[in-house]
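*Asks:* Take this structure, written in structure tokens, and hold onto it; I'll ask about it next.
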Amino acid sequence: MPTYNERDNLPVAVERLTALPVPDLHVLVVDDNSPDGTGEVADKLAVDLPNVVSVLHRTEKDGLGRAYIAGITQALDEGADVVIQMDADLSHPAEVIPAMLEQLSRPGIGVVLGSRYVPGGSTAAEWKWYRKALSAWANFYVNAILRLGIKDATAGFKAWHADTLRAIDIETIRSNGYSFQVEMNYRTKKQGAGIAEVPIRFEERTLGASKMSLSVQLESALMPWKLLLGRSL
């Protein structure tokens with residue numbers, strides 16, 4: 001769970017996760033030196049829940065993709081069998097995780113996405129029409145170029161088999177933001193692993209601000225072409 005300025009959301013997210021009927025669940029918070037004190041909040045959670053929560057402090061903010069790679073790498077090094085990536089802003093519904101794990105147990109499935117665009121899924125009612133249109137267009141655009149065959153190619157809520165993450169060699173991924181999610185899906189398909197989708201309602205954050213920037217949007221637009229043409233990333 002990467003964090004940057006999520007001091008108010010993080011305790012709620014951890015509470016929701018620890019309430020799940022999932023054995024041996026461990027929460028790794030990857031904080032990018034948040035100026036609002038999120039790292040200190042995470043450290044307190046780790047003290048209060050020493051066998052459940054741990055914290056990886058990074059000294060600089062260099063993108064969501066880099067934070068995810070740092071966290072996933074540590075989780076694999078510590079022997080995780082399954083790695084779930086999710087945001088700390090409460091937009092991803094923790095209660096769907098058991099269903100994601102059930103799908104992940106199916107033969108041939110390497111990753112399960114929490115999907116807004118399969119039957120039963122939805123985006124936040126607070127989203128303006130143009131934001132919904134942009135999200136839908138982004139998924140159409142990615143699939144038109146890369147033929148991934150999935151409905152929510154930019155989803156950031158995922159449950160991975162550890163073996164799948166090792167097979168796609170995540171430490172060599174250089175993309176960030178939403179293009180990071182696309183590249184991971186593309187590599188998964190190239191490895192022959194199946195991608196399943198579970199419907200979620202994607203909620204709008206109630207506290208804090210979005211981290212989306214113009215540079216992230218531009219990278220996301222270029223990434224499918226770079227992957228298709230095999231260009232250096």
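Lettering and numbering for the structure tokens are positional, with chains as A, B, ... in the shown order, residues counted from 1 in each chain, and ligands counted from 1 in the shown order.
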Write out as a VMD selection string the set of residues from region 48-150 of chain A that DSSP, computed on the backbone, places in strand (DSSP E).

*Replies:* chain A and resid 53 to 57 82 to 85 109 to 115

*Asks:* Write a file of the selected residues as a short mmCIF file (atom, residue, chain, number, x, y, z; two decimals), in the first residue's frame, keeping N, CA, C and O atoms.

*Replies:*
```cif
data_model
loop_
_atom_site.label_atom_id
_atom_site.label_comp_id
_atom_site.auth_asym_id
_atom_site.auth_seq_id
_atom_site.Cartn_x
_atom_site.Cartn_y
_atom_site.Cartn_z
N VAL A 53 1.30 -5.10 10.59
CA VAL A 53 1.68 -3.92 9.82
C VAL A 53 3.18 -3.69 9.89
O VAL A 53 3.79 -3.78 10.97
N SER A 54 3.78 -3.40 8.74
CA SER A 54 5.18 -2.96 8.70
C SER A 54 5.28 -1.80 7.73
O SER A 54 4.37 -1.56 6.93
N VAL A 55 6.38 -1.07 7.81
CA VAL A 55 6.52 0.17 7.05
C VAL A 55 7.85 0.18 6.31
O VAL A 55 8.90 -0.15 6.88
N LEU A 56 7.80 0.55 5.05
CA LEU A 56 8.99 0.79 4.25
C LEU A 56 9.05 2.28 3.96
O LEU A 56 8.18 2.81 3.27
N HIS A 57 10.06 2.96 4.51
CA HIS A 57 10.21 4.40 4.30
C HIS A 57 11.14 4.65 3.12
O HIS A 57 12.25 4.13 3.08
N VAL A 82 1.08 -14.47 -2.01
CA VAL A 82 0.18 -13.61 -2.77
C VAL A 82 0.49 -12.17 -2.39
O VAL A 82 0.71 -11.86 -1.22
N VAL A 83 0.53 -11.29 -3.38
CA VAL A 83 0.75 -9.86 -3.13
C VAL A 83 -0.45 -9.09 -3.69
O VAL A 83 -0.79 -9.22 -4.86
N ILE A 84 -1.07 -8.31 -2.83
CA ILE A 84 -2.20 -7.47 -3.22
C ILE A 84 -1.73 -6.02 -3.25
O ILE A 84 -1.18 -5.53 -2.26
N GLN A 85 -1.93 -5.36 -4.36
CA GLN A 85 -1.59 -3.94 -4.46
C GLN A 85 -2.87 -3.13 -4.44
O GLN A 85 -3.83 -3.44 -5.13
N ILE A 109 -4.63 -18.74 -13.53
CA ILE A 109 -4.80 -17.32 -13.27
C ILE A 109 -3.56 -16.78 -12.55
O ILE A 109 -3.17 -17.29 -11.51
N GLY A 110 -2.96 -15.74 -13.14
CA GLY A 110 -1.76 -15.16 -12.55
C GLY A 110 -2.02 -13.91 -11.75
O GLY A 110 -1.26 -13.56 -10.84
N VAL A 111 -3.11 -13.19 -12.12
CA VAL A 111 -3.45 -11.96 -11.42
C VAL A 111 -4.95 -11.73 -11.53
O VAL A 111 -5.58 -12.10 -12.53
N VAL A 112 -5.52 -11.13 -10.50
CA VAL A 112 -6.95 -10.77 -10.49
C VAL A 112 -7.06 -9.27 -10.30
O VAL A 112 -6.46 -8.70 -9.39
N LEU A 113 -7.84 -8.63 -11.16
CA LEU A 113 -8.03 -7.19 -11.10
C LEU A 113 -9.35 -6.86 -10.40
O LEU A 113 -10.36 -7.51 -10.66
N GLY A 114 -9.34 -5.82 -9.58
CA GLY A 114 -10.57 -5.22 -9.10
C GLY A 114 -11.04 -4.28 -10.19
O GLY A 114 -10.44 -3.23 -10.41
N SER A 115 -12.10 -4.64 -10.89
CA SER A 115 -12.46 -4.00 -12.16
C SER A 115 -13.72 -3.15 -12.05
O SER A 115 -14.75 -3.59 -11.54
#
```

*Asks:* Need the shell around Asp31 (chain A): protein/DNA/RNA residues with any atom at most 7 Å away, counting only C-alpha atoms. Skip same-chain ones fewer than 4 positions apart. Format as a ChimeraX atom specification?

*Replies:* /A:2-4,39,56-58

*Asks:* Could you check the closest approach to Lys189 (chain A) for each of A:Gly177, A:Gly79, A:Gly149, A:Pro107 and tell me which residue wins, using only C-alpha atoms?

*Replies:*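 Ranking A:Gly177, A:Gly79, A:Gly149, A:Pro107 by distance to Lys189 (chain A), first place goes to A:Gly149.
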
*Asks:* Using Å and a single decimal, report how far CA of Glu15 (chain A) sits from CA of Asp36 (chain A).

*Replies:*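 Separation between CA of Asp36 (chain A) and CA of Glu15 (chain A): 20.1 Å.
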
*Asks:* Please determine, counting only C-alpha atoms, which residue among A:Glu40, A:Asp163, A:Glu183, A:Glu95 has the shortest atom-to-atom distance to Leu148 (chain A).

*Replies:* A:Glu183

*Asks:* Any chance you could list, as a PyMOL selection string, the residues in region 15-157 of chain A that come up helix (DSSP H, G or I) when DSSP is run on the backbone?

*Replies:* chain A and resi 15-18+38-48+64-77+94-104+129-146

*Asks:* List every residue of region 139-218 of chain A that has an atom at most 8 Å from any atom of region 64-75 of chain A, and for each one report the closest atom pair and its distance in Å to one decimal, counting only C-alpha atoms, with rows sorted by chain and then by increasing residue number, as a tab-separated table.

*Replies:*
```
residue	atom	partner	partner_atom	distance
A:Ile170	CA	A:Ile69	CA	6.6
A:Glu171	CA	A:Ile69	CA	6.5
A:Arg174	CA	A:Gly65	CA	7.7
A:Ser175	CA	A:Gly65	CA	6.4
A:Asn176	CA	A:Gly65	CA	4.3
A:Gly177	CA	A:Leu64	CA	5.5
A:Phe180	CA	A:Gly65	CA	5.7
```

*Asks:* Would you mind telling me which residue in A:Ala155, A:Ala167, A:Ala94, A:Ile200 lies nearest to Thr188 (chain A) when using only C-alpha atoms?

*Replies:*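 Smallest distance to Thr188 (chain A) is found for A:Ala167.
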
*Asks:* How far is it from CA of Thr164 (chain A) to CA of Gln103 (chain A), in Å with one decimal?

*Replies:*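 CA of Gln103 (chain A) lies at a distance of 14.7 Å from CA of Thr164 (chain A).
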